[in-house]
>>> print(open('protein.pdb').read())   # PDB, C-alpha atoms and all ligand atoms
ATOM      1  CA  MET A  19      15.580  12.318  -6.262
ATOM      2  CA  LYS A  20      13.525  10.608  -3.561
ATOM      3  CA  LYS A  21      13.323   6.837  -3.583
ATOM      4  CA  ILE A  22       9.918   5.406  -2.698
ATOM      5  CA  ALA A  23       9.080   1.717  -2.226
ATOM      6  CA  VAL A  24       5.548   0.718  -3.178
ATOM      7  CA  ILE A  25       4.592  -2.603  -1.592
ATOM      8  CA  ASN A  26       1.357  -4.509  -2.157
ATOM      9  CA  GLY A  27       0.140  -7.517  -0.225
ATOM     10  CA  PRO A  28      -2.027 -10.556  -0.901
ATOM     11  CA  ASN A  29      -4.492 -10.665  -3.785
ATOM     12  CA  MET A  30      -3.461  -7.229  -5.067
ATOM     13  CA  ASN A  31      -1.963  -9.081  -8.063
ATOM     14  CA  LEU A  32      -5.586  -9.814  -9.054
ATOM     15  CA  LEU A  33      -6.575  -6.136  -9.350
ATOM     16  CA  GLY A  34      -8.767  -5.556 -12.366
ATOM     17  CA  LYS A  35     -10.402  -8.985 -12.005
ATOM     18  CA  ARG A  36     -10.866  -9.021  -8.248
ATOM     19  CA  GLU A  37     -14.194  -7.632  -6.888
ATOM     20  CA  PRO A  38     -14.211  -4.680  -9.332
ATOM     21  CA  GLU A  39     -17.111  -3.027  -7.492
ATOM     22  CA  LYS A  40     -14.738  -2.570  -4.534
ATOM     23  CA  TYR A  41     -11.342  -2.196  -6.197
ATOM     24  CA  GLY A  42     -12.113  -0.909  -9.710
ATOM     25  CA  ASN A  43     -11.075  -2.183 -13.129
ATOM     26  CA  LEU A  44      -7.428  -1.170 -13.264
ATOM     27  CA  THR A  45      -4.740  -3.849 -13.107
ATOM     28  CA  LEU A  46      -1.910  -3.543 -10.578
ATOM     29  CA  GLU A  47       0.429  -2.860 -13.490
ATOM     30  CA  SER A  48      -1.600   0.135 -14.631
ATOM     31  CA  VAL A  49      -1.960   1.455 -11.068
ATOM     32  CA  ASN A  50       1.836   1.184 -10.736
ATOM     33  CA  GLN A  51       2.290   3.010 -14.046
ATOM     34  CA  ALA A  52       0.100   5.878 -12.826
ATOM     35  CA  ILE A  53       2.152   6.053  -9.609
ATOM     36  CA  SER A  54       5.412   6.068 -11.609
ATOM     37  CA  GLN A  55       4.177   8.915 -13.798
ATOM     38  CA  LYS A  56       3.241  11.086 -10.817
ATOM     39  CA  ALA A  57       6.510  10.176  -9.091
ATOM     40  CA  GLU A  58       8.474  11.466 -12.080
ATOM     41  CA  GLU A  59       6.473  14.715 -11.982
ATOM     42  CA  TRP A  60       7.145  15.069  -8.249
ATOM     43  CA  GLY A  61      10.853  14.215  -8.389
ATOM     44  CA  ALA A  62      10.747  10.681  -7.062
ATOM     45  CA  ARG A  63      11.532   7.201  -8.296
ATOM     46  CA  CYS A  64       9.399   4.223  -7.257
ATOM     47  CA  GLU A  65      10.275   0.579  -6.857
ATOM     48  CA  PHE A  66       7.363  -1.848  -6.860
ATOM     49  CA  PHE A  67       6.883  -5.143  -5.060
ATOM     50  CA  GLN A  68       3.882  -7.421  -4.583
ATOM     51  CA  SER A  69       3.627 -10.690  -2.715
ATOM     52  CA  ASN A  70       0.940 -12.946  -1.338
ATOM     53  CA  SER A  71       3.275 -14.159   1.377
ATOM     54  CA  GLU A  72       3.649 -12.534   4.786
ATOM     55  CA  GLY A  73       7.350 -13.396   5.124
ATOM     56  CA  GLU A  74       8.193 -11.865   1.738
ATOM     57  CA  LEU A  75       6.343  -8.697   2.734
ATOM     58  CA  VAL A  76       8.325  -8.523   5.986
ATOM     59  CA  GLY A  77      11.496  -8.839   3.865
ATOM     60  CA  ALA A  78      10.324  -6.132   1.457
ATOM     61  CA  VAL A  79       9.649  -3.707   4.332
ATOM     62  CA  GLN A  80      13.093  -4.460   5.818
ATOM     63  CA  ASN A  81      14.721  -3.945   2.393
ATOM     64  CA  ALA A  82      13.013  -0.552   2.110
ATOM     65  CA  SER A  83      14.777   0.785   5.205
ATOM     66  CA  ALA A  84      17.069   2.933   3.036
ATOM     67  CA  ALA A  85      14.182   4.397   1.008
ATOM     68  CA  ASP A  86      12.854   7.913   1.607
ATOM     69  CA  GLY A  87       9.385   6.502   2.116
ATOM     70  CA  VAL A  88       7.228   3.420   1.787
ATOM     71  CA  ILE A  89       3.683   3.159   0.426
ATOM     72  CA  LEU A  90       2.233  -0.063   1.805
ATOM     73  CA  ASN A  91      -1.044  -1.754   1.025
ATOM     74  CA  ALA A  92      -0.662  -4.776   3.287
ATOM     75  CA  ALA A  93      -4.175  -5.872   2.194
ATOM     76  CA  ALA A  94      -5.634  -8.528   4.533
ATOM     77  CA  TYR A  95      -2.408  -8.668   6.600
ATOM     78  CA  THR A  96      -3.202  -5.106   7.731
ATOM     79  CA  HIS A  97      -5.775  -6.504  10.073
ATOM     80  CA  TYR A  98      -3.661  -9.093  11.904
ATOM     81  CA  SER A  99       0.026  -9.254  10.962
ATOM     82  CA  VAL A 100       2.147  -8.408  13.986
ATOM     83  CA  ALA A 101       5.193  -9.487  11.942
ATOM     84  CA  ILE A 102       4.575  -6.763   9.332
ATOM     85  CA  ARG A 103       3.855  -4.229  12.073
ATOM     86  CA  ASP A 104       7.174  -5.072  13.757
ATOM     87  CA  ALA A 105       9.027  -4.715  10.429
ATOM     88  CA  ILE A 106       7.518  -1.240   9.952
ATOM     89  CA  ALA A 107       8.497  -0.264  13.495
ATOM     90  CA  ALA A 108      12.033  -1.563  12.876
ATOM     91  CA  ILE A 109      12.850   0.724   9.935
ATOM     92  CA  ASP A 110      13.514   4.463   9.891
ATOM     93  CA  ALA A 111      11.728   5.207   6.599
ATOM     94  CA  PRO A 112       8.210   6.628   7.001
ATOM     95  CA  VAL A 113       5.547   4.127   5.946
ATOM     96  CA  ILE A 114       2.113   5.204   4.732
ATOM     97  CA  GLU A 115      -0.695   2.669   5.046
ATOM     98  CA  VAL A 116      -2.866   2.610   1.938
ATOM     99  CA  HIS A 117      -6.189   0.974   1.089
ATOM    100  CA  MET A 118      -8.139   1.336  -2.126
ATOM    101  CA  SER A 119     -11.484   0.739  -0.435
ATOM    102  CA  ASN A 120     -12.828   2.569   2.605
ATOM    103  CA  VAL A 121     -12.037  -0.157   5.126
ATOM    104  CA  HIS A 122     -13.997   1.718   7.820
ATOM    105  CA  ALA A 123     -17.225   1.362   5.840
ATOM    106  CA  ARG A 124     -16.880  -2.405   5.383
ATOM    107  CA  GLU A 125     -16.911  -5.457   7.677
ATOM    108  CA  GLU A 126     -16.078  -4.888  11.353
ATOM    109  CA  PHE A 127     -12.794  -6.849  11.145
ATOM    110  CA  ARG A 128     -11.461  -4.452   8.489
ATOM    111  CA  ARG A 129     -11.808  -1.487  10.862
ATOM    112  CA  GLN A 130      -8.888  -2.745  12.886
ATOM    113  CA  SER A 131      -5.400  -2.057  11.578
ATOM    114  CA  VAL A 132      -2.526  -3.484  13.601
ATOM    115  CA  ILE A 133      -0.060  -1.520  11.443
ATOM    116  CA  ALA A 134      -1.663   1.965  11.721
ATOM    117  CA  PRO A 135      -0.027   2.866  15.079
ATOM    118  CA  VAL A 136       3.480   2.434  13.601
ATOM    119  CA  CYS A 137       2.744   4.147  10.261
ATOM    120  CA  ALA A 138       3.278   7.846   9.522
ATOM    121  CA  GLY A 139      -0.315   8.064   8.260
ATOM    122  CA  SER A 140      -3.097   6.248   6.463
ATOM    123  CA  VAL A 141      -5.087   6.782   3.260
ATOM    124  CA  ALA A 142      -8.195   4.732   2.479
ATOM    125  CA  GLY A 143     -11.164   4.865   0.173
ATOM    126  CA  PHE A 144      -9.937   6.622  -2.958
ATOM    127  CA  GLY A 145      -9.223   3.662  -5.230
ATOM    128  CA  ALA A 146      -5.945   4.001  -7.151
ATOM    129  CA  LYS A 147      -5.783   7.635  -6.005
ATOM    130  CA  SER A 148      -5.099   6.430  -2.455
ATOM    131  CA  TYR A 149      -1.566   5.558  -3.653
ATOM    132  CA  ILE A 150      -1.165   8.956  -5.361
ATOM    133  CA  LEU A 151      -2.247  10.777  -2.177
ATOM    134  CA  ALA A 152       0.309   8.783  -0.179
ATOM    135  CA  LEU A 153       2.973   9.622  -2.767
ATOM    136  CA  TYR A 154       2.021  13.296  -2.481
ATOM    137  CA  ALA A 155       2.432  13.137   1.298
ATOM    138  CA  LEU A 156       5.892  11.572   0.988
ATOM    139  CA  THR A 157       7.231  13.817  -1.762
ATOM    140  CA  ARG A 158       5.631  17.287  -1.534
TER     141      ARG A 158
HETATM  142  C1  LIG B 201      -7.539  -3.528   0.983
HETATM  143  C2  LIG B 201      -8.556  -3.700   2.110
HETATM  144  C3  LIG B 201      -8.298  -4.983   2.877
HETATM  145  O1  LIG B 201      -9.260  -5.135   3.925
HETATM  146  C4  LIG B 201      -8.435  -6.183   1.966
HETATM  147  O2  LIG B 201      -8.123  -7.371   2.655
HETATM  148  C5  LIG B 201      -7.611  -6.049   0.727
HETATM  149  C6  LIG B 201      -7.505  -4.744   0.074
HETATM  150  C7  LIG B 201      -7.821  -2.285   0.114
HETATM  151  O3  LIG B 201      -6.938  -1.889  -0.624
HETATM  152  O4  LIG B 201      -8.929  -1.744   0.170
HETATM  153  O5  LIG B 201      -7.104  -7.029   0.197
HETATM  154  O6  LIG B 201      -6.247  -3.345   1.574
END
>>> encode(input="protein.pdb", output="structure tokens")
Amino acid sequence: MKKIAVINGPNMNLLGKREPEKYGNLTLESVNQAISQKAEEWGARCEFFQSNSEGELVGAVQNASAADGVILNAAAYTHYSVAIRDAIAAIDAPVIEVHMSNVHAREEFRRQSVIAPVCAGSVAGFGAKSYILALYALTR
């Protein structure tokens, strides 16, 4: 059974209430439930972590080094956290960058991802399904 770490960054704890026109109405808990269900179907087990703090996210990425894969929505840190980028580069597990919204169709600053070059791939723009597509890539 594959072990997958699902890590969410700042403000993702507010899903469901936060800018629903961009991120939908589902809470983070229900998104995580949907991921868990698919993981079971695809022979994987997920562990979930969310933090608003950069240092805790660096720790979570480091702790996921023994996982078979990492699904990471670093949220705003995507666009400027060299510390999170270095943590991704430091571990062997493949990390998939995920965004619910299509970051390329939004403000200019969201088009830059400092983590993309050290990730195995990126998925953006499919709402909660972005996580499922990343899970598919890591498990199928
Ligand atoms: C996001 C996109 C980021 O630009 C933003 O800061 C977020 C969420 C997304 O899932 O679409 O917090 O990562």
>>> resolve_selection(input="protein.pdb", expression="the PyMOL selection byres (((chain A and resi 26) around 10) and not hetatm)", output="PDB file with C-alpha atoms, in the frame of the given file")
ATOM      1  CA  ALA A  23       9.080   1.717  -2.226  1.00  0.00           C
ATOM      2  CA  VAL A  24       5.548   0.718  -3.178  1.00  0.00           C
ATOM      3  CA  ILE A  25       4.592  -2.603  -1.592  1.00  0.00           C
ATOM      4  CA  GLY A  27       0.140  -7.517  -0.225  1.00  0.00           C
ATOM      5  CA  PRO A  28      -2.027 -10.556  -0.901  1.00  0.00           C
ATOM      6  CA  ASN A  29      -4.492 -10.665  -3.785  1.00  0.00           C
ATOM      7  CA  MET A  30      -3.461  -7.229  -5.067  1.00  0.00           C
ATOM      8  CA  ASN A  31      -1.963  -9.081  -8.063  1.00  0.00           C
ATOM      9  CA  LEU A  46      -1.910  -3.543 -10.578  1.00  0.00           C
ATOM     10  CA  PHE A  66       7.363  -1.848  -6.860  1.00  0.00           C
ATOM     11  CA  PHE A  67       6.883  -5.143  -5.060  1.00  0.00           C
ATOM     12  CA  GLN A  68       3.882  -7.421  -4.583  1.00  0.00           C
ATOM     13  CA  SER A  69       3.627 -10.690  -2.715  1.00  0.00           C
ATOM     14  CA  ASN A  70       0.940 -12.946  -1.338  1.00  0.00           C
ATOM     15  CA  LEU A  75       6.343  -8.697   2.734  1.00  0.00           C
ATOM     16  CA  ALA A  78      10.324  -6.132   1.457  1.00  0.00           C
ATOM     17  CA  ILE A  89       3.683   3.159   0.426  1.00  0.00           C
ATOM     18  CA  LEU A  90       2.233  -0.063   1.805  1.00  0.00           C
ATOM     19  CA  ASN A  91      -1.044  -1.754   1.025  1.00  0.00           C
ATOM     20  CA  ALA A  92      -0.662  -4.776   3.287  1.00  0.00           C
ATOM     21  CA  ALA A  93      -4.175  -5.872   2.194  1.00  0.00           C
ATOM     22  CA  VAL A 116      -2.866   2.610   1.938  1.00  0.00           C
ATOM     23  CA  HIS A 117      -6.189   0.974   1.089  1.00  0.00           C
TER      24      HIS A 117
END
>>> residues_around(input="protein.pdb", residues="Ala146 in chain A", least_positions_apart="4", cutoff="8 Å", atoms="all atoms listed in the file", output="short mmCIF file (atom, residue, chain, number, x, y, z; two decimals) with C-alpha atoms, keeping the file's coordinate frame")
data_model
loop_
_atom_site.label_atom_id
_atom_site.label_comp_id
_atom_site.auth_asym_id
_atom_site.auth_seq_id
_atom_site.Cartn_x
_atom_site.Cartn_y
_atom_site.Cartn_z
CA VAL A 49 -1.96 1.46 -11.07
CA MET A 118 -8.14 1.34 -2.13
CA ILE A 150 -1.16 8.96 -5.36
#
>>> closest_residue(input="protein.pdb", among="A:Thr157, A:Ser54, A:Trp60, A:Arg36", to="ligand LIG 201 (chain B)", atoms="all atoms listed in the file")
A:Arg36
>>> resolve_selection(input="protein.pdb", expression="the PyMOL selection byres (((chain A and resi 52) around 12) and not hetatm)", output="PDB file with C-alpha atoms, in the frame of the given file")
ATOM      1  CA  LEU A  44      -7.428  -1.170 -13.264  1.00  0.00           C
ATOM      2  CA  THR A  45      -4.740  -3.849 -13.107  1.00  0.00           C
ATOM      3  CA  LEU A  46      -1.910  -3.543 -10.578  1.00  0.00           C
ATOM      4  CA  GLU A  47       0.429  -2.860 -13.490  1.00  0.00           C
ATOM      5  CA  SER A  48      -1.600   0.135 -14.631  1.00  0.00           C
ATOM      6  CA  VAL A  49      -1.960   1.455 -11.068  1.00  0.00           C
ATOM      7  CA  ASN A  50       1.836   1.184 -10.736  1.00  0.00           C
ATOM      8  CA  GLN A  51       2.290   3.010 -14.046  1.00  0.00           C
ATOM      9  CA  ILE A  53       2.152   6.053  -9.609  1.00  0.00           C
ATOM     10  CA  SER A  54       5.412   6.068 -11.609  1.00  0.00           C
ATOM     11  CA  GLN A  55       4.177   8.915 -13.798  1.00  0.00           C
ATOM     12  CA  LYS A  56       3.241  11.086 -10.817  1.00  0.00           C
ATOM     13  CA  ALA A  57       6.510  10.176  -9.091  1.00  0.00           C
ATOM     14  CA  GLU A  58       8.474  11.466 -12.080  1.00  0.00           C
ATOM     15  CA  GLU A  59       6.473  14.715 -11.982  1.00  0.00           C
ATOM     16  CA  CYS A  64       9.399   4.223  -7.257  1.00  0.00           C
ATOM     17  CA  ALA A 146      -5.945   4.001  -7.151  1.00  0.00           C
ATOM     18  CA  LYS A 147      -5.783   7.635  -6.005  1.00  0.00           C
ATOM     19  CA  SER A 148      -5.099   6.430  -2.455  1.00  0.00           C
ATOM     20  CA  TYR A 149      -1.566   5.558  -3.653  1.00  0.00           C
ATOM     21  CA  ILE A 150      -1.165   8.956  -5.361  1.00  0.00           C
ATOM     22  CA  LEU A 151      -2.247  10.777  -2.177  1.00  0.00           C
ATOM     23  CA  LEU A 153       2.973   9.622  -2.767  1.00  0.00           C
TER      24      LEU A 153
END
>>> closest_residue(input="protein.pdb", among="A:Met19, A:Val113, A:Val136, A:Asn120", to="Val100 in chain A", atoms="only C-alpha atoms")
A:Val136
>>> closest_residue(input="protein.pdb", among="A:Ala134, A:Leu32, A:Leu156, A:Ala142", to="Ser119 in chain A", atoms="all atoms listed in the file")
A:Ala142
>>> residues_around(input="protein.pdb", residues="Glu72 in chain A", least_positions_apart="6", cutoff="8 Å", atoms="only C-alpha atoms", output="short mmCIF file (atom, residue, chain, number, x, y, z; two decimals) with C-alpha atoms, in the frame of the given file")
data_model
loop_
_atom_site.label_atom_id
_atom_site.label_comp_id
_atom_site.auth_asym_id
_atom_site.auth_seq_id
_atom_site.Cartn_x
_atom_site.Cartn_y
_atom_site.Cartn_z
CA GLY A 27 0.14 -7.52 -0.22
CA TYR A 95 -2.41 -8.67 6.60
CA SER A 99 0.03 -9.25 10.96
CA ALA A 101 5.19 -9.49 11.94
CA ILE A 102 4.58 -6.76 9.33
#
>>> resolve_selection(input="protein.pdb", expression="the PyMOL selection byres (((chain A and resi 111) around 7) and not hetatm)", output="PyMOL selection string")
chain A and resi 83-88+109-110+112-113
>>> axis_aligned_box(input="protein.pdb", around="range 61-71 of chain A", padding_each_side="4 Å", output="AutoDock Vina command-line options")
--center_x 6.2 --center_y 0.0 --center_z -3.5 --size_x 18.6 --size_y 36.4 --size_z 17.8
>>> closest_residue(input="protein.pdb", among="A:Arg128, A:Lys20, A:Arg103, A:His122", to="ligand LIG 201 (chain B)", atoms="all atoms listed in the file")
A:Arg128
>>> closest_residue(input="protein.pdb", among="A:Glu74, A:Asp104, A:Ala62, A:Leu33", to="ligand LIG 201 (chain B)", atoms="all atoms listed in the file")
A:Leu33
>>> closest_residue(input="protein.pdb", among="A:Ala152, A:Ala94, A:Ile114, A:Ala107", to="ligand LIG 201 (chain B)", atoms="all atoms listed in the file")
A:Ala94
>>> atom_distance(input="protein.pdb", atom1="CA of Gly139 in chain A", atom2="CA of Lys35 in chain A")
28.3 Å
>>> atom_distance(input="protein.pdb", atom1="CA of Thr96 in chain A", atom2="atom O1 of ligand LIG 201 (chain B)")
7.2 Å
>>> atom_distance(input="protein.pdb", atom1="CA of Glu37 in chain A", atom2="CA of Ala105 in chain A")
29.1 Å
>>> decode(input="protein.pdb", residues="range 55-87 of chain A", atoms="N, CA and C atoms", output="PDB file, in the first residue's frame")
ATOM      1  N   GLN A  55     -11.017   8.585   0.074  1.00  0.00           N
ATOM      2  CA  GLN A  55     -11.857   7.580  -0.590  1.00  0.00           C
ATOM      3  C   GLN A  55     -11.191   7.068  -1.857  1.00  0.00           C
ATOM      4  N   LYS A  56     -10.706   8.011  -2.681  1.00  0.00           N
ATOM      5  CA  LYS A  56     -10.044   7.624  -3.936  1.00  0.00           C
ATOM      6  C   LYS A  56      -8.767   6.852  -3.633  1.00  0.00           C
ATOM      7  N   ALA A  57      -8.052   7.279  -2.585  1.00  0.00           N
ATOM      8  CA  ALA A  57      -6.800   6.609  -2.224  1.00  0.00           C
ATOM      9  C   ALA A  57      -7.074   5.144  -1.903  1.00  0.00           C
ATOM     10  N   GLU A  58      -8.133   4.894  -1.164  1.00  0.00           N
ATOM     11  CA  GLU A  58      -8.490   3.514  -0.804  1.00  0.00           C
ATOM     12  C   GLU A  58      -8.735   2.692  -2.075  1.00  0.00           C
ATOM     13  N   GLU A  59      -9.499   3.304  -3.000  1.00  0.00           N
ATOM     14  CA  GLU A  59      -9.801   2.645  -4.282  1.00  0.00           C
ATOM     15  C   GLU A  59      -8.521   2.323  -5.061  1.00  0.00           C
ATOM     16  N   TRP A  60      -7.538   3.237  -4.957  1.00  0.00           N
ATOM     17  CA  TRP A  60      -6.319   3.097  -5.757  1.00  0.00           C
ATOM     18  C   TRP A  60      -5.155   2.495  -4.952  1.00  0.00           C
ATOM     19  N   GLY A  61      -5.472   1.913  -3.804  1.00  0.00           N
ATOM     20  CA  GLY A  61      -4.445   1.183  -3.051  1.00  0.00           C
ATOM     21  C   GLY A  61      -3.433   2.054  -2.339  1.00  0.00           C
ATOM     22  N   ALA A  62      -3.882   3.196  -1.855  1.00  0.00           N
ATOM     23  CA  ALA A  62      -2.963   4.077  -1.129  1.00  0.00           C
ATOM     24  C   ALA A  62      -3.594   4.529   0.183  1.00  0.00           C
ATOM     25  N   ARG A  63      -2.737   5.010   1.065  1.00  0.00           N
ATOM     26  CA  ARG A  63      -3.214   5.562   2.332  1.00  0.00           C
ATOM     27  C   ARG A  63      -2.637   6.962   2.460  1.00  0.00           C
ATOM     28  N   CYS A  64      -3.524   7.932   2.791  1.00  0.00           N
ATOM     29  CA  CYS A  64      -3.078   9.329   2.866  1.00  0.00           C
ATOM     30  C   CYS A  64      -2.973   9.807   4.303  1.00  0.00           C
ATOM     31  N   GLU A  65      -1.976  10.639   4.532  1.00  0.00           N
ATOM     32  CA  GLU A  65      -1.871  11.365   5.799  1.00  0.00           C
ATOM     33  C   GLU A  65      -1.975  12.841   5.474  1.00  0.00           C
ATOM     34  N   PHE A  66      -2.767  13.564   6.278  1.00  0.00           N
ATOM     35  CA  PHE A  66      -3.083  14.954   5.952  1.00  0.00           C
ATOM     36  C   PHE A  66      -2.453  15.911   6.951  1.00  0.00           C
ATOM     37  N   PHE A  67      -1.997  17.046   6.431  1.00  0.00           N
ATOM     38  CA  PHE A  67      -1.418  18.075   7.296  1.00  0.00           C
ATOM     39  C   PHE A  67      -1.724  19.440   6.695  1.00  0.00           C
ATOM     40  N   GLN A  68      -2.091  20.375   7.551  1.00  0.00           N
ATOM     41  CA  GLN A  68      -2.284  21.767   7.089  1.00  0.00           C
ATOM     42  C   GLN A  68      -1.636  22.696   8.100  1.00  0.00           C
ATOM     43  N   SER A  69      -0.966  23.725   7.603  1.00  0.00           N
ATOM     44  CA  SER A  69      -0.448  24.744   8.508  1.00  0.00           C
ATOM     45  C   SER A  69      -0.414  26.091   7.801  1.00  0.00           C
ATOM     46  N   ASN A  70      -0.534  27.132   8.609  1.00  0.00           N
ATOM     47  CA  ASN A  70      -0.390  28.487   8.074  1.00  0.00           C
ATOM     48  C   ASN A  70       1.052  28.977   8.184  1.00  0.00           C
ATOM     49  N   SER A  71       1.890  28.144   8.783  1.00  0.00           N
ATOM     50  CA  SER A  71       3.256  28.599   9.071  1.00  0.00           C
ATOM     51  C   SER A  71       4.288  27.944   8.148  1.00  0.00           C
ATOM     52  N   GLU A  72       5.159  28.746   7.616  1.00  0.00           N
ATOM     53  CA  GLU A  72       6.165  28.280   6.655  1.00  0.00           C
ATOM     54  C   GLU A  72       7.071  27.208   7.274  1.00  0.00           C
ATOM     55  N   GLY A  73       7.527  27.469   8.504  1.00  0.00           N
ATOM     56  CA  GLY A  73       8.443  26.522   9.160  1.00  0.00           C
ATOM     57  C   GLY A  73       7.796  25.164   9.375  1.00  0.00           C
ATOM     58  N   GLU A  74       6.511  25.167   9.763  1.00  0.00           N
ATOM     59  CA  GLU A  74       5.814  23.883   9.961  1.00  0.00           C
ATOM     60  C   GLU A  74       5.660  23.140   8.644  1.00  0.00           C
ATOM     61  N   LEU A  75       5.480  23.893   7.556  1.00  0.00           N
ATOM     62  CA  LEU A  75       5.354  23.244   6.241  1.00  0.00           C
ATOM     63  C   LEU A  75       6.697  22.650   5.811  1.00  0.00           C
ATOM     64  N   VAL A  76       7.784  23.354   6.093  1.00  0.00           N
ATOM     65  CA  VAL A  76       9.117  22.804   5.819  1.00  0.00           C
ATOM     66  C   VAL A  76       9.280  21.492   6.589  1.00  0.00           C
ATOM     67  N   GLY A  77       8.882  21.487   7.863  1.00  0.00           N
ATOM     68  CA  GLY A  77       8.967  20.274   8.686  1.00  0.00           C
ATOM     69  C   GLY A  77       8.112  19.150   8.127  1.00  0.00           C
ATOM     70  N   ALA A  78       6.913  19.488   7.658  1.00  0.00           N
ATOM     71  CA  ALA A  78       6.006  18.462   7.120  1.00  0.00           C
ATOM     72  C   ALA A  78       6.587  17.840   5.849  1.00  0.00           C
ATOM     73  N   VAL A  79       7.208  18.663   4.999  1.00  0.00           N
ATOM     74  CA  VAL A  79       7.832  18.127   3.780  1.00  0.00           C
ATOM     75  C   VAL A  79       8.998  17.211   4.177  1.00  0.00           C
ATOM     76  N   GLN A  80       9.816  17.657   5.124  1.00  0.00           N
ATOM     77  CA  GLN A  80      10.944  16.815   5.577  1.00  0.00           C
ATOM     78  C   GLN A  80      10.440  15.493   6.143  1.00  0.00           C
ATOM     79  N   ASN A  81       9.347  15.556   6.941  1.00  0.00           N
ATOM     80  CA  ASN A  81       8.799  14.339   7.556  1.00  0.00           C
ATOM     81  C   ASN A  81       8.217  13.379   6.526  1.00  0.00           C
ATOM     82  N   ALA A  82       7.903  13.902   5.340  1.00  0.00           N
ATOM     83  CA  ALA A  82       7.297  13.063   4.297  1.00  0.00           C
ATOM     84  C   ALA A  82       8.367  12.377   3.444  1.00  0.00           C
ATOM     85  N   SER A  83       9.616  12.472   3.844  1.00  0.00           N
ATOM     86  CA  SER A  83      10.681  11.923   2.984  1.00  0.00           C
ATOM     87  C   SER A  83      10.543  10.421   2.791  1.00  0.00           C
ATOM     88  N   ALA A  84       9.909   9.733   3.746  1.00  0.00           N
ATOM     89  CA  ALA A  84       9.758   8.273   3.617  1.00  0.00           C
ATOM     90  C   ALA A  84       8.472   7.883   2.889  1.00  0.00           C
ATOM     91  N   ALA A  85       7.659   8.864   2.532  1.00  0.00           N
ATOM     92  CA  ALA A  85       6.388   8.564   1.843  1.00  0.00           C
ATOM     93  C   ALA A  85       6.667   8.166   0.393  1.00  0.00           C
ATOM     94  N   ASP A  86       5.664   7.571  -0.250  1.00  0.00           N
ATOM     95  CA  ASP A  86       5.816   7.221  -1.672  1.00  0.00           C
ATOM     96  C   ASP A  86       5.538   8.421  -2.570  1.00  0.00           C
ATOM     97  N   GLY A  87       4.916   9.440  -1.995  1.00  0.00           N
ATOM     98  CA  GLY A  87       4.638  10.640  -2.773  1.00  0.00           C
ATOM     99  C   GLY A  87       4.036  11.709  -1.885  1.00  0.00           C
TER     100      GLY A  87
END
